[in-house]
There are 2 protein chains.
Amino acid sequence: MGELTGNAVEGTLYWVAPDEFARIRNLAMPSVARARLFADLARLNTLYMIARAGSGHIGSSFSSMDMVAWLHLEEMREGDVYFSSKGHDAPGLYAVLTALGKLPADLMHRFRKLGGLPGHPDVGTPGMVTNTGSLGMGISKAKGMVLANRLQHGKSPRIFVMLGDGELQEGQIWESLGGAVNRCLSEITAIVDHNKLQSDTFVKQVSDLGELEAKFASFGWHTVRVDGHDLPRFAETLDGIRGVKKPKLIIADTVKGKGVSFMEHVAMESDAAIYRFHSGAPQAADYTRGAQEIMDRINRTLREARAAELSLETVERPVAAQPAQAPERLIPAYSEALLDVAAGNPKVVALDADLMLDCGLIPFRDKFPERFIECGIAEMDMVSQAGTMALNGLVPVCHSFACFLATRANEQIYNNATERSKVVYMAALAGLVPGGPGHSHQSVRDIAAMASTPGLTLVQPSLAAEVGPLVRWALETNTGSSYLRFVSIPVSVPYELPAGYQVQVGEGWVAKDTGTDVVMIAYGPTMATQAWHALDRIGGGRLAILPWLNRLDHDWLEEVTAGATTVVTIDDHYVEGGQGVMIGAALQRLHFPGRVLHLGVDRIPSSGGNDEVLADHGLDAAGIAKAIGG
Amino acid sequence: MGELTGNAVEGTLYWVAPDEFARIRNLAMPSVARARLFADLARLNTLYMIARAGSGHIGSSFSSMDMVAWLHLEEMREGDVYFSSKGHDAPGLYAVLTALGKLPADLMHRFRKLGGLPGHPDVGTPGMVTNTGSLGMGISKAKGMVLANRLQHGKSPRIFVMLGDGELQEGQIWESLGGAVNRCLSEITAIVDHNKLQSDTFVKQVSDLGELEAKFASFGWHTVRVDGHDLPRFAETLDGIRGVKKPKLIIADTVKGKGVSFMEHVAMESDAAIYRFHSGAPQAADYTRGAQEIMDRINRTLREARAAELSLETVERPVAAQPAQAPERLIPAYSEALLDVAAGNPKVVALDADLMLDCGLIPFRDKFPERFIECGIAEMDMVSQAGTMALNGLVPVCHSFACFLATRANEQIYNNATERSKVVYMAALAGLVPGGPGHSHQSVRDIAAMASTPGLTLVQPSLAAEVGPLVRWALETNTGSSYLRFVSIPVSVPYELPAGYQVQVGEGWVAKDTGTDVVMIAYGPTMATQAWHALDRIGGGRLAILPWLNRLDHDWLEEVTAGATTVVTIDDHYVEGGQGVMIGAALQRLHFPGRVLHLGVDRIPSSGGNDEVLADHGLDAAGIAKAIGG
């Protein structure tokens, strides 16, 4: 099975089997050298998982890896707990736990696949003690663990929680500090993986963290600072704080992407550049070059230790399927529409919560730097700022992922609404897919969380051509506030925008009309596309796309459902609180005599490939057809 | 009109007319003495407003009053802005603005009344520049104002924002600090009214603020500390920071209730006592004694200045109407039920976000102090702690007002839900009334914000007798999580729990059955009572109470609506995302052939007396009857 490594070959992926880890752990070596070796083997497996999955977070898995390895190999005792608050370093942690036999070895090959390892931690996975991935909750969670232990058990084990540095921009981190001091929760050791970069760029360019040590110390935490790759110093630091009767915090200076020279952030050409290894999979050549570099370092160490060279397993790198047609990309269409509107209206400003790349804001930032406000990972702060900007004459547009914007800033959005001003919210990454990142990022309840906000209209485009008209409606025509919901993944949609399309609040449009018996009502490219294909499976029908998520014109509904015996609503969202229930109540008032089915998400979203996840929820074309009885 | 003050008479309320303020402002006195006098006159009017309204926040209106008076009289220049982030010191600010002619004088007599002055600030009121009352948003809002000014205007006026010290427990405060430093928003001066108490008790007992100066300084703010009642020092402080090119923060040590000896927190007998003048109206005797003390001090100053004594207007103190029958009080019933369950299950712990009195937690805290966790004004932190407690074997119950719990911790509640553990949320002050506090506190969208959370069942009792069964169901029977929604005001309900009442998820019970033509479905004591009386007005009908807000048994619905020609759903919530829409969609699936009306809140809630507000929204018995056409 195993083969000796020579030169890594492009198109091949390399991974380390558990018995190889066992061999390394049994080598007679100083503990620091062994931990470094272990960490590099785990880096190799992390790189493998991400390359195989096609996505995942290399940078922060690598920056925290040396410390995670040390904690698990040398520091932690029976009962002690480790978890990552930022959570996107999950592949690194999976690699470590797999190497230690705490996670079934076969799962590693199913990272971001259905029934495998989700993109962010879930308690359904062995070794994961709490769900993270939404930022800022880690210290609160550690506190709950300690209090539960103290109440129920005599002994209270230690809790190690890894924080990101970008994560420190979240208010919950600071909200959670005081109580830990007042209750003297000395069981907690928080570690800041201070790798200086958040998703897009340098932390200091987003919201400078200032004097981190002074900040935590002023909140009463015992605070120390150390190089997070200098294991002897890290070990000394852990020794030094062990007896301290206070909650403890280690600021660990690290290098994002540590371990592969060209992935290290210090190798970036300028501070203004975009760091390339935050969340995507590496290109094939980058993978091979990076893997080779790690393998070479491992083998040098093994040779020095007079041990056999590393034995690796291999698998062919999966080839991503090419779509039959050019897929629709809504985010670039949004970029363009926003630029266009902003060019004509100097009042338009864009606020961002550290997702400028994902929200299509780079062109806006470059063209209107004075009107671009980077708020950092601070959704509450962003939304409240937008509120007073709106009261003072601007047209602010707030940007984030739907899962964070609608829920993290939920009350702040309502507070703005009660001021009867006009604020636009741009919510990307909405809906059930992509399924890779897991439920912390799959936004399938933002419609419910937002729909009752007075004066706020929720609307979602279903193809690129619809983006411009809807963005212009929100920014130029609508006098109230709007929530623009976007699917972020490219989708090959089978329909076109009808000729003469006009934005009419509460009215939709017919995307397919091959029968009147079954009428499907959907929104967004993902579900509208699946519905379109489902109609083919059941012999035809009508697909109506209703972009309005909390507005409904009853006349339009009556017209579009006339003559139907079955109406199927398809939510890219939980059924509860989604568009379908609104339509269902309206159909009662119209005394629609036929059958109405409400399809949508009805449980916690599964994580995996997009096709897998849609099928798993019965929301692919086959599942929809089956639900209808086709 | 005016009368000279001798001894204040119980049963009479005293207020100062604008011309009396004008006389005081024109006295030839040193500015400090004049500001003190002005502040005392404003205190008298604040006390008047609160006594007349029957509720309002004396303590923090008084602690900040000296500074608010000084800022408005001496410091602020044309274009400068002042607002309070905590917002419950609104009556104090109203008194100052009225005295300065910036607020129509007649509004003062309509504090917490419809069309008058809301309990917390609203931009619809002259002089109110942003809506506050939900805590922690003030610095973010100030930042938005500065950025809007800078972008659009050459000059950027100063923004003064008053913060509460309890409010500093909110994460958003700390989330908002960094950006202000990075953008050097030196226009902002934040003032912490450090009166040492939050709603129930001493801040230091809840979540000790620690070294406040060091905290703010570590975030890069220019921080100074001063006695907030020592106006010469306060003035010097303002002079000293004027040219500082950083955002500025003044920690002002103050006395809660300052100006009336027995209302001052320093007069409390022990730190463990409950401060009595946070939010309620003073008893008649307390009002008279307090007013007399302020009047005497004013007149002493006037005599020393050889000016005429204070001339006061009077009005009779309104007598609160006594209810015809003993009203239902759900919160005490909750207290009892929680104690009962907790006595039998040592795993039950209660977490509180600084509302232990309002949530009925005092008996629990006294009986199970080790199982009572006071989290402070920190809903996110509370909910995330509860999550890991649940994962580690406890049954945590989180307490707050519905308006904050469902929205401030919205994502944290969802995160817990994705862990499939069992957490109970107790949400008090739900629904349209009380109408006095204003829209920041009227929770009419929490059902929508919570209903789609997987595994979370929302349920609301409609009378005291129903509380115990539902609490026991949530804590003992239900294996998933629950959201218990409570109306906090006492209501004289005209119905009783049926004999043999049993908790059945999704099923309701019939509270009145005097006809089958019209069936009303409601929940909670407020709306169920109005519906009951509305049926009398239209000649009878059936009132079904459905405690389940996101669960519905279709068989029960079919049975309870059988034979009806009209079904009326009545939400104590926005219609969108409420119970009624869920019922409407179900009635379509049952092919209910009649008329369905969805009543509920359909715009931003008005603020005022409870009867006024219900009538204003068409949700009193008369309005409901009228909507049906009765």
# chains A, B, ... in the order shown; residues from 1 in each chain; ligands from 1
>>> closest_atom_pairs(of="stretch 175-263 of chain B", to="stretch 170-184 of chain A", cutoff="8 Å", atoms="only C-alpha atoms", output="CSV")
residue,atom,partner,partner_atom,distance
B:Glu175,CA,A:Gly171,CA,4.3
B:Ser176,CA,A:Gly171,CA,7.9
B:Ser207,CA,A:Gly179,CA,5.7
B:Asp208,CA,A:Asn182,CA,6.6
B:Leu209,CA,A:Gly178,CA,7.0
>>> residues_around(residues="stretch 123-129 of chain A", least_positions_apart="5", cutoff="10 Å", atoms="only C-alpha atoms", output="count of residues only")
25
>>> interface_residues(of="chain B", to="chain A", cutoff="6 Å", atoms="only C-alpha atoms", output="VMD selection string")
chain B and resid 140 to 141 144 to 145 148 169 to 172 174 to 176 179 207 214 to 215 218 381 384 to 385 388 to 389 407 to 408 410 to 411 448 to 449 452 454 576 to 577 581 584 to 585 588 603
>>> write_last_selection(atoms="C-alpha atoms", output="PDB file, in the first residue's frame")
ATOM      1  CA  SER B 140     -21.800  52.532  16.530  1.00  0.00           C
ATOM      2  CA  LYS B 141     -24.536  55.074  15.920  1.00  0.00           C
ATOM      3  CA  GLY B 144     -22.306  56.431  11.513  1.00  0.00           C
ATOM      4  CA  MET B 145     -23.206  60.068  12.178  1.00  0.00           C
ATOM      5  CA  ALA B 148     -22.038  60.639   7.155  1.00  0.00           C
ATOM      6  CA  GLN B 169     -21.660  44.526  29.507  1.00  0.00           C
ATOM      7  CA  GLU B 170     -23.054  44.425  25.952  1.00  0.00           C
ATOM      8  CA  GLY B 171     -20.516  43.166  23.440  1.00  0.00           C
ATOM      9  CA  GLN B 172     -21.484  45.712  20.824  1.00  0.00           C
ATOM     10  CA  TRP B 174     -16.515  46.807  22.620  1.00  0.00           C
ATOM     11  CA  GLU B 175     -17.091  45.747  19.039  1.00  0.00           C
ATOM     12  CA  SER B 176     -17.623  49.383  18.122  1.00  0.00           C
ATOM     13  CA  GLY B 179     -13.118  51.270  14.160  1.00  0.00           C
ATOM     14  CA  SER B 207     -20.366  41.455  36.105  1.00  0.00           C
ATOM     15  CA  ALA B 214      -7.633  50.774  31.435  1.00  0.00           C
ATOM     16  CA  LYS B 215     -10.161  48.953  29.271  1.00  0.00           C
ATOM     17  CA  SER B 218      -6.371  49.759  25.811  1.00  0.00           C
ATOM     18  CA  ASP B 381     -22.795  35.242  26.195  1.00  0.00           C
ATOM     19  CA  SER B 384     -23.749  30.349  24.298  1.00  0.00           C
ATOM     20  CA  GLN B 385     -22.936  29.355  27.857  1.00  0.00           C
ATOM     21  CA  THR B 388     -22.402  23.947  26.365  1.00  0.00           C
ATOM     22  CA  MET B 389     -24.111  23.475  29.725  1.00  0.00           C
ATOM     23  CA  THR B 407     -32.998  38.993  18.463  1.00  0.00           C
ATOM     24  CA  ARG B 408     -29.799  39.838  20.284  1.00  0.00           C
ATOM     25  CA  ASN B 410     -30.598  35.036  17.538  1.00  0.00           C
ATOM     26  CA  GLU B 411     -27.592  33.302  16.023  1.00  0.00           C
ATOM     27  CA  ALA B 448     -40.885  35.033  13.369  1.00  0.00           C
ATOM     28  CA  ALA B 449     -37.289  35.350  14.509  1.00  0.00           C
ATOM     29  CA  SER B 452     -37.892  28.270  12.022  1.00  0.00           C
ATOM     30  CA  PRO B 454     -35.048  23.388  14.134  1.00  0.00           C
ATOM     31  CA  GLU B 576     -46.034  38.339   8.969  1.00  0.00           C
ATOM     32  CA  GLY B 577     -44.296  35.364  10.487  1.00  0.00           C
ATOM     33  CA  VAL B 581     -50.099  32.707   8.731  1.00  0.00           C
ATOM     34  CA  GLY B 584     -53.869  30.130   7.212  1.00  0.00           C
ATOM     35  CA  ALA B 585     -51.606  27.811   5.237  1.00  0.00           C
ATOM     36  CA  GLN B 588     -55.784  25.860   2.763  1.00  0.00           C
ATOM     37  CA  ARG B 603     -46.699  48.449  11.568  1.00  0.00           C
TER      38      ARG B 603
END
>>> select_by_dssp(residues="stretch 285-407 of chain A", states="strand (DSSP E)", output="ChimeraX atom specification")
/A:311-316,348-352,372-374,395-401
>>> write_last_selection(atoms="N, CA and C atoms", output="PDB file, in the first residue's frame")
ATOM      1  N   SER A 311       6.313   6.972   4.473  1.00  0.00           N
ATOM      2  CA  SER A 311       5.549   6.148   3.553  1.00  0.00           C
ATOM      3  C   SER A 311       4.191   6.807   3.355  1.00  0.00           C
ATOM      4  N   LEU A 312       3.820   6.987   2.112  1.00  0.00           N
ATOM      5  CA  LEU A 312       2.592   7.732   1.817  1.00  0.00           C
ATOM      6  C   LEU A 312       1.595   6.900   1.030  1.00  0.00           C
ATOM      7  N   GLU A 313       0.344   7.195   1.223  1.00  0.00           N
ATOM      8  CA  GLU A 313      -0.719   6.625   0.391  1.00  0.00           C
ATOM      9  C   GLU A 313      -1.036   7.647  -0.701  1.00  0.00           C
ATOM     10  N   THR A 314      -1.568   7.171  -1.795  1.00  0.00           N
ATOM     11  CA  THR A 314      -1.894   8.102  -2.878  1.00  0.00           C
ATOM     12  C   THR A 314      -3.296   7.853  -3.412  1.00  0.00           C
ATOM     13  N   VAL A 315      -3.812   8.876  -4.018  1.00  0.00           N
ATOM     14  CA  VAL A 315      -5.094   8.763  -4.708  1.00  0.00           C
ATOM     15  C   VAL A 315      -5.066   9.796  -5.831  1.00  0.00           C
ATOM     16  N   GLU A 316      -5.819   9.524  -6.872  1.00  0.00           N
ATOM     17  CA  GLU A 316      -5.844  10.467  -7.988  1.00  0.00           C
ATOM     18  C   GLU A 316      -6.626  11.716  -7.586  1.00  0.00           C
ATOM     19  N   VAL A 348     -24.609  56.838  -2.152  1.00  0.00           N
ATOM     20  CA  VAL A 348     -24.502  55.392  -1.923  1.00  0.00           C
ATOM     21  C   VAL A 348     -23.146  55.059  -1.302  1.00  0.00           C
ATOM     22  N   VAL A 349     -23.171  54.422  -0.143  1.00  0.00           N
ATOM     23  CA  VAL A 349     -21.935  53.953   0.498  1.00  0.00           C
ATOM     24  C   VAL A 349     -22.063  52.459   0.759  1.00  0.00           C
ATOM     25  N   ALA A 350     -20.936  51.761   0.730  1.00  0.00           N
ATOM     26  CA  ALA A 350     -20.945  50.315   0.968  1.00  0.00           C
ATOM     27  C   ALA A 350     -20.209  50.009   2.267  1.00  0.00           C
ATOM     28  N   LEU A 351     -20.858  49.262   3.142  1.00  0.00           N
ATOM     29  CA  LEU A 351     -20.239  48.813   4.384  1.00  0.00           C
ATOM     30  C   LEU A 351     -20.012  47.314   4.275  1.00  0.00           C
ATOM     31  N   ASP A 352     -18.881  46.866   4.764  1.00  0.00           N
ATOM     32  CA  ASP A 352     -18.539  45.453   4.620  1.00  0.00           C
ATOM     33  C   ASP A 352     -18.080  44.884   5.959  1.00  0.00           C
ATOM     34  N   PHE A 372     -16.240  53.458   0.727  1.00  0.00           N
ATOM     35  CA  PHE A 372     -16.185  52.055   1.146  1.00  0.00           C
ATOM     36  C   PHE A 372     -15.771  52.001   2.618  1.00  0.00           C
ATOM     37  N   ILE A 373     -16.599  51.397   3.447  1.00  0.00           N
ATOM     38  CA  ILE A 373     -16.310  51.352   4.878  1.00  0.00           C
ATOM     39  C   ILE A 373     -16.156  49.906   5.329  1.00  0.00           C
ATOM     40  N   GLU A 374     -14.930  49.515   5.569  1.00  0.00           N
ATOM     41  CA  GLU A 374     -14.656  48.160   6.035  1.00  0.00           C
ATOM     42  C   GLU A 374     -14.843  48.139   7.548  1.00  0.00           C
ATOM     43  N   VAL A 395     -27.232  56.599   1.527  1.00  0.00           N
ATOM     44  CA  VAL A 395     -27.914  55.336   1.201  1.00  0.00           C
ATOM     45  C   VAL A 395     -26.910  54.216   1.478  1.00  0.00           C
ATOM     46  N   PRO A 396     -26.888  53.709   2.708  1.00  0.00           N
ATOM     47  CA  PRO A 396     -25.886  52.693   3.056  1.00  0.00           C
ATOM     48  C   PRO A 396     -26.321  51.294   2.617  1.00  0.00           C
ATOM     49  N   VAL A 397     -25.343  50.522   2.159  1.00  0.00           N
ATOM     50  CA  VAL A 397     -25.578  49.125   1.789  1.00  0.00           C
ATOM     51  C   VAL A 397     -24.643  48.264   2.647  1.00  0.00           C
ATOM     52  N   CYS A 398     -25.236  47.429   3.495  1.00  0.00           N
ATOM     53  CA  CYS A 398     -24.458  46.575   4.393  1.00  0.00           C
ATOM     54  C   CYS A 398     -24.237  45.215   3.750  1.00  0.00           C
ATOM     55  N   HIS A 399     -23.029  44.694   3.844  1.00  0.00           N
ATOM     56  CA  HIS A 399     -22.700  43.421   3.194  1.00  0.00           C
ATOM     57  C   HIS A 399     -22.184  42.392   4.188  1.00  0.00           C
ATOM     58  N   SER A 400     -22.703  41.189   4.071  1.00  0.00           N
ATOM     59  CA  SER A 400     -22.139  40.053   4.801  1.00  0.00           C
ATOM     60  C   SER A 400     -22.751  38.774   4.232  1.00  0.00           C
ATOM     61  N   PHE A 401     -22.415  37.658   4.840  1.00  0.00           N
ATOM     62  CA  PHE A 401     -23.119  36.431   4.510  1.00  0.00           C
ATOM     63  C   PHE A 401     -24.501  36.476   5.180  1.00  0.00           C
TER      64      PHE A 401
END
>>> atom_distance(atom1="atom CA of B:Ile294", atom2="atom CA of B:Val96")
15.9 Å
>>> select_by_dssp(residues="stretch 112-238 of chain B", states="alpha helix (DSSP H)", output="number ranges by chain")
B: 138-152, 171-182, 203-207, 212-218, 231-238
>>> residues_around(residues="A:Thr46", least_positions_apart="3", cutoff="10 Å", atoms="only C-alpha atoms", output="list in words")
Trp15, Asp40, Leu41, Ala42, Arg43, Met49, Ile50, Ala51, Arg52, Gly56, His57, Ile58, Ser61, Phe62, Met65, Asp89, Ala90, Pro91, Gly92, Leu93, Tyr94, Ala95, Val96, Met108 and Phe111 of chain A
>>> write_last_selection(atoms="C-alpha atoms", output="PDB file, in the first residue's frame")
ATOM      1  CA  TRP A  15      -1.899  11.184   2.535  1.00  0.00           C
ATOM      2  CA  ASP A  40       4.034  18.344   9.448  1.00  0.00           C
ATOM      3  CA  LEU A  41       2.440  14.958   8.832  1.00  0.00           C
ATOM      4  CA  ALA A  42      -0.860  16.460   9.915  1.00  0.00           C
ATOM      5  CA  ARG A  43      -0.280  19.412   7.577  1.00  0.00           C
ATOM      6  CA  MET A  49      -8.314  16.778   2.608  1.00  0.00           C
ATOM      7  CA  ILE A  50      -8.726  20.286   1.254  1.00  0.00           C
ATOM      8  CA  ALA A  51      -7.366  19.417  -2.199  1.00  0.00           C
ATOM      9  CA  ARG A  52      -9.631  16.391  -2.403  1.00  0.00           C
ATOM     10  CA  GLY A  56     -11.300  24.334   2.971  1.00  0.00           C
ATOM     11  CA  HIS A  57      -9.150  26.630   5.060  1.00  0.00           C
ATOM     12  CA  ILE A  58      -5.424  25.988   4.678  1.00  0.00           C
ATOM     13  CA  SER A  61      -5.203  25.223   9.864  1.00  0.00           C
ATOM     14  CA  PHE A  62      -1.471  25.628   9.290  1.00  0.00           C
ATOM     15  CA  MET A  65      -1.056  23.405  13.751  1.00  0.00           C
ATOM     16  CA  ASP A  89      -9.275  25.395  11.105  1.00  0.00           C
ATOM     17  CA  ALA A  90     -11.341  22.194  11.353  1.00  0.00           C
ATOM     18  CA  PRO A  91      -9.362  20.225   8.718  1.00  0.00           C
ATOM     19  CA  GLY A  92      -6.192  20.731  10.733  1.00  0.00           C
ATOM     20  CA  LEU A  93      -7.900  19.493  13.883  1.00  0.00           C
ATOM     21  CA  TYR A  94      -9.435  16.555  12.008  1.00  0.00           C
ATOM     22  CA  ALA A  95      -5.948  15.596  10.823  1.00  0.00           C
ATOM     23  CA  VAL A  96      -4.600  15.672  14.382  1.00  0.00           C
ATOM     24  CA  MET A 108     -10.621  11.948   6.334  1.00  0.00           C
ATOM     25  CA  PHE A 111     -14.065  15.968   4.077  1.00  0.00           C
TER      26      PHE A 111
END
>>> atom_distance(atom1="atom CA of B:Lys246", atom2="atom CA of B:Arg158")
12.3 Å
>>> residues_around(residues="stretch 26-33 of chain B", least_positions_apart="6", cutoff="12 Å", atoms="only C-alpha atoms", output="list in words")
Asp19, Glu20, Ala39, Asp40, Asp66, Met67, Ala69, Trp70, Leu71, Leu73, Glu74, Glu75, His229, Asp230, Leu231, Pro232, Arg233, Phe234, Ala235, Glu236, Ile298, Thr301, Leu302, Glu304, Ala305, Arg306, Ala307 and Ala308 of chain B
>>> write_last_selection(atoms="N, CA, C and O atoms", output="CSV table (one decimal), in the first residue's frame")
chain,number,residue,atom,x,y,z
B,19,ASP,N,-41.8,79.2,31.0
B,19,ASP,CA,-41.4,80.6,31.3
B,19,ASP,C,-40.6,80.7,32.6
B,19,ASP,O,-39.8,81.5,32.8
B,20,GLU,N,-40.9,79.7,33.5
B,20,GLU,CA,-40.1,79.7,34.7
B,20,GLU,C,-38.6,79.2,34.4
B,20,GLU,O,-37.7,79.8,35.0
B,39,ALA,N,-30.8,72.0,36.4
B,39,ALA,CA,-30.9,70.6,36.5
B,39,ALA,C,-32.0,70.2,37.5
B,39,ALA,O,-32.7,69.2,37.3
B,40,ASP,N,-32.0,70.9,38.6
B,40,ASP,CA,-33.0,70.6,39.6
B,40,ASP,C,-34.5,70.8,39.1
B,40,ASP,O,-35.4,70.1,39.4
B,66,ASP,N,-27.1,66.3,35.8
B,66,ASP,CA,-26.2,67.5,35.9
B,66,ASP,C,-25.4,67.6,34.6
B,66,ASP,O,-25.2,68.7,34.1
B,67,MET,N,-24.9,66.5,34.1
B,67,MET,CA,-24.1,66.5,32.9
B,67,MET,C,-24.9,66.9,31.7
B,67,MET,O,-24.5,67.7,30.8
B,69,ALA,N,-27.6,68.7,31.6
B,69,ALA,CA,-27.9,70.1,31.7
B,69,ALA,C,-26.7,71.0,31.3
B,69,ALA,O,-26.8,71.9,30.4
B,70,TRP,N,-25.5,70.6,31.8
B,70,TRP,CA,-24.3,71.4,31.4
B,70,TRP,C,-24.0,71.3,30.0
B,70,TRP,O,-23.7,72.3,29.3
B,71,LEU,N,-24.1,70.1,29.4
B,71,LEU,CA,-23.8,70.0,27.9
B,71,LEU,C,-24.7,70.9,27.1
B,71,LEU,O,-24.3,71.6,26.2
B,73,LEU,N,-26.6,73.5,28.1
B,73,LEU,CA,-26.5,74.9,28.5
B,73,LEU,C,-25.2,75.6,28.1
B,73,LEU,O,-25.2,76.7,27.6
B,74,GLU,N,-24.1,74.9,28.2
B,74,GLU,CA,-22.8,75.5,28.2
B,74,GLU,C,-21.9,75.0,27.1
B,74,GLU,O,-21.0,75.7,26.6
B,75,GLU,N,-22.0,73.7,26.8
B,75,GLU,CA,-20.9,73.1,26.0
B,75,GLU,C,-21.3,73.0,24.5
B,75,GLU,O,-20.4,73.3,23.7
B,229,HIS,N,-21.1,64.8,39.0
B,229,HIS,CA,-21.9,65.8,39.7
B,229,HIS,C,-21.1,67.1,40.0
B,229,HIS,O,-21.7,68.0,40.5
B,230,ASP,N,-19.8,67.0,39.8
B,230,ASP,CA,-18.9,68.1,40.1
B,230,ASP,C,-18.8,68.9,38.8
B,230,ASP,O,-17.9,68.7,38.0
B,231,LEU,N,-19.7,69.9,38.6
B,231,LEU,CA,-19.7,70.6,37.3
B,231,LEU,C,-18.5,71.4,37.0
B,231,LEU,O,-18.0,71.4,35.8
B,232,PRO,N,-17.8,72.0,37.9
B,232,PRO,CA,-16.6,72.7,37.6
B,232,PRO,C,-15.5,71.7,37.0
B,232,PRO,O,-14.9,72.0,36.0
B,233,ARG,N,-15.4,70.6,37.7
B,233,ARG,CA,-14.4,69.6,37.2
B,233,ARG,C,-14.9,69.0,35.8
B,233,ARG,O,-14.1,68.7,35.0
B,234,PHE,N,-16.2,68.8,35.7
B,234,PHE,CA,-16.7,68.2,34.4
B,234,PHE,C,-16.4,69.2,33.3
B,234,PHE,O,-16.0,68.8,32.2
B,235,ALA,N,-16.6,70.5,33.6
B,235,ALA,CA,-16.4,71.5,32.6
B,235,ALA,C,-14.9,71.6,32.2
B,235,ALA,O,-14.5,71.7,31.0
B,236,GLU,N,-14.0,71.5,33.2
B,236,GLU,CA,-12.6,71.5,33.0
B,236,GLU,C,-12.2,70.2,32.1
B,236,GLU,O,-11.4,70.3,31.2
B,298,ILE,N,-34.2,74.2,45.4
B,298,ILE,CA,-34.3,75.2,44.4
B,298,ILE,C,-34.6,76.6,45.1
B,298,ILE,O,-33.9,77.6,44.8
B,301,THR,N,-31.6,78.1,46.8
B,301,THR,CA,-30.7,78.8,45.8
B,301,THR,C,-31.3,80.1,45.3
B,301,THR,O,-30.6,81.1,45.2
B,302,LEU,N,-32.6,80.1,45.0
B,302,LEU,CA,-33.2,81.3,44.5
B,302,LEU,C,-33.1,82.4,45.6
B,302,LEU,O,-32.8,83.6,45.2
B,304,GLU,N,-30.9,82.7,47.9
B,304,GLU,CA,-29.5,83.2,48.0
B,304,GLU,C,-29.2,84.1,46.8
B,304,GLU,O,-28.4,85.1,47.0
B,305,ALA,N,-29.8,83.9,45.7
B,305,ALA,CA,-29.6,84.7,44.5
B,305,ALA,C,-30.5,85.9,44.5
B,305,ALA,O,-30.6,86.7,43.5
B,306,ARG,N,-31.3,86.1,45.6
B,306,ARG,CA,-32.2,87.2,45.7
B,306,ARG,C,-33.2,87.2,44.6
B,306,ARG,O,-33.6,88.3,44.1
B,307,ALA,N,-33.6,86.1,44.2
B,307,ALA,CA,-34.6,86.0,43.1
B,307,ALA,C,-35.9,85.4,43.7
B,307,ALA,O,-35.9,84.9,44.8
B,308,ALA,N,-37.0,85.6,43.0
B,308,ALA,CA,-38.3,85.2,43.5
B,308,ALA,C,-38.3,83.7,43.6
B,308,ALA,O,-37.6,83.0,42.8
>>> residues_around(residues="A:Leu456", least_positions_apart="5", cutoff="7 Å", atoms="only C-alpha atoms", output="JSON, numbers by chain")
{"A": [480, 481, 482, 483]}
>>> write_last_selection(atoms="all heavy atoms", output="tab-separated table (two decimals), in the first residue's frame")
chain	number	residue	atom	x	y	z
A	480	GLY	N	-38.36	52.38	1.04
A	480	GLY	CA	-38.08	51.70	2.30
A	480	GLY	C	-36.77	50.93	2.23
A	480	GLY	O	-35.95	51.13	1.33
A	481	SER	N	-36.59	50.04	3.18
A	481	SER	CA	-35.36	49.25	3.24
A	481	SER	C	-35.53	47.93	2.49
A	481	SER	O	-36.65	47.45	2.31
A	481	SER	CB	-35.00	48.98	4.70
A	481	SER	OG	-34.66	50.18	5.35
A	482	SER	N	-34.43	47.36	2.07
A	482	SER	CA	-34.46	46.11	1.31
A	482	SER	C	-33.41	45.15	1.83
A	482	SER	O	-32.36	45.56	2.32
A	482	SER	CB	-34.16	46.35	-0.17
A	482	SER	OG	-34.85	47.45	-0.68
A	483	TYR	N	-33.72	43.88	1.69
A	483	TYR	CA	-32.79	42.80	2.01
A	483	TYR	C	-32.60	42.01	0.73
A	483	TYR	O	-33.54	41.36	0.26
A	483	TYR	CB	-33.40	41.94	3.13
A	483	TYR	CG	-32.58	40.76	3.57
A	483	TYR	CD1	-31.60	40.90	4.55
A	483	TYR	CD2	-32.82	39.49	3.06
A	483	TYR	CE1	-30.86	39.80	4.99
A	483	TYR	CE2	-32.09	38.38	3.51
A	483	TYR	CZ	-31.11	38.55	4.47
A	483	TYR	OH	-30.39	37.46	4.93
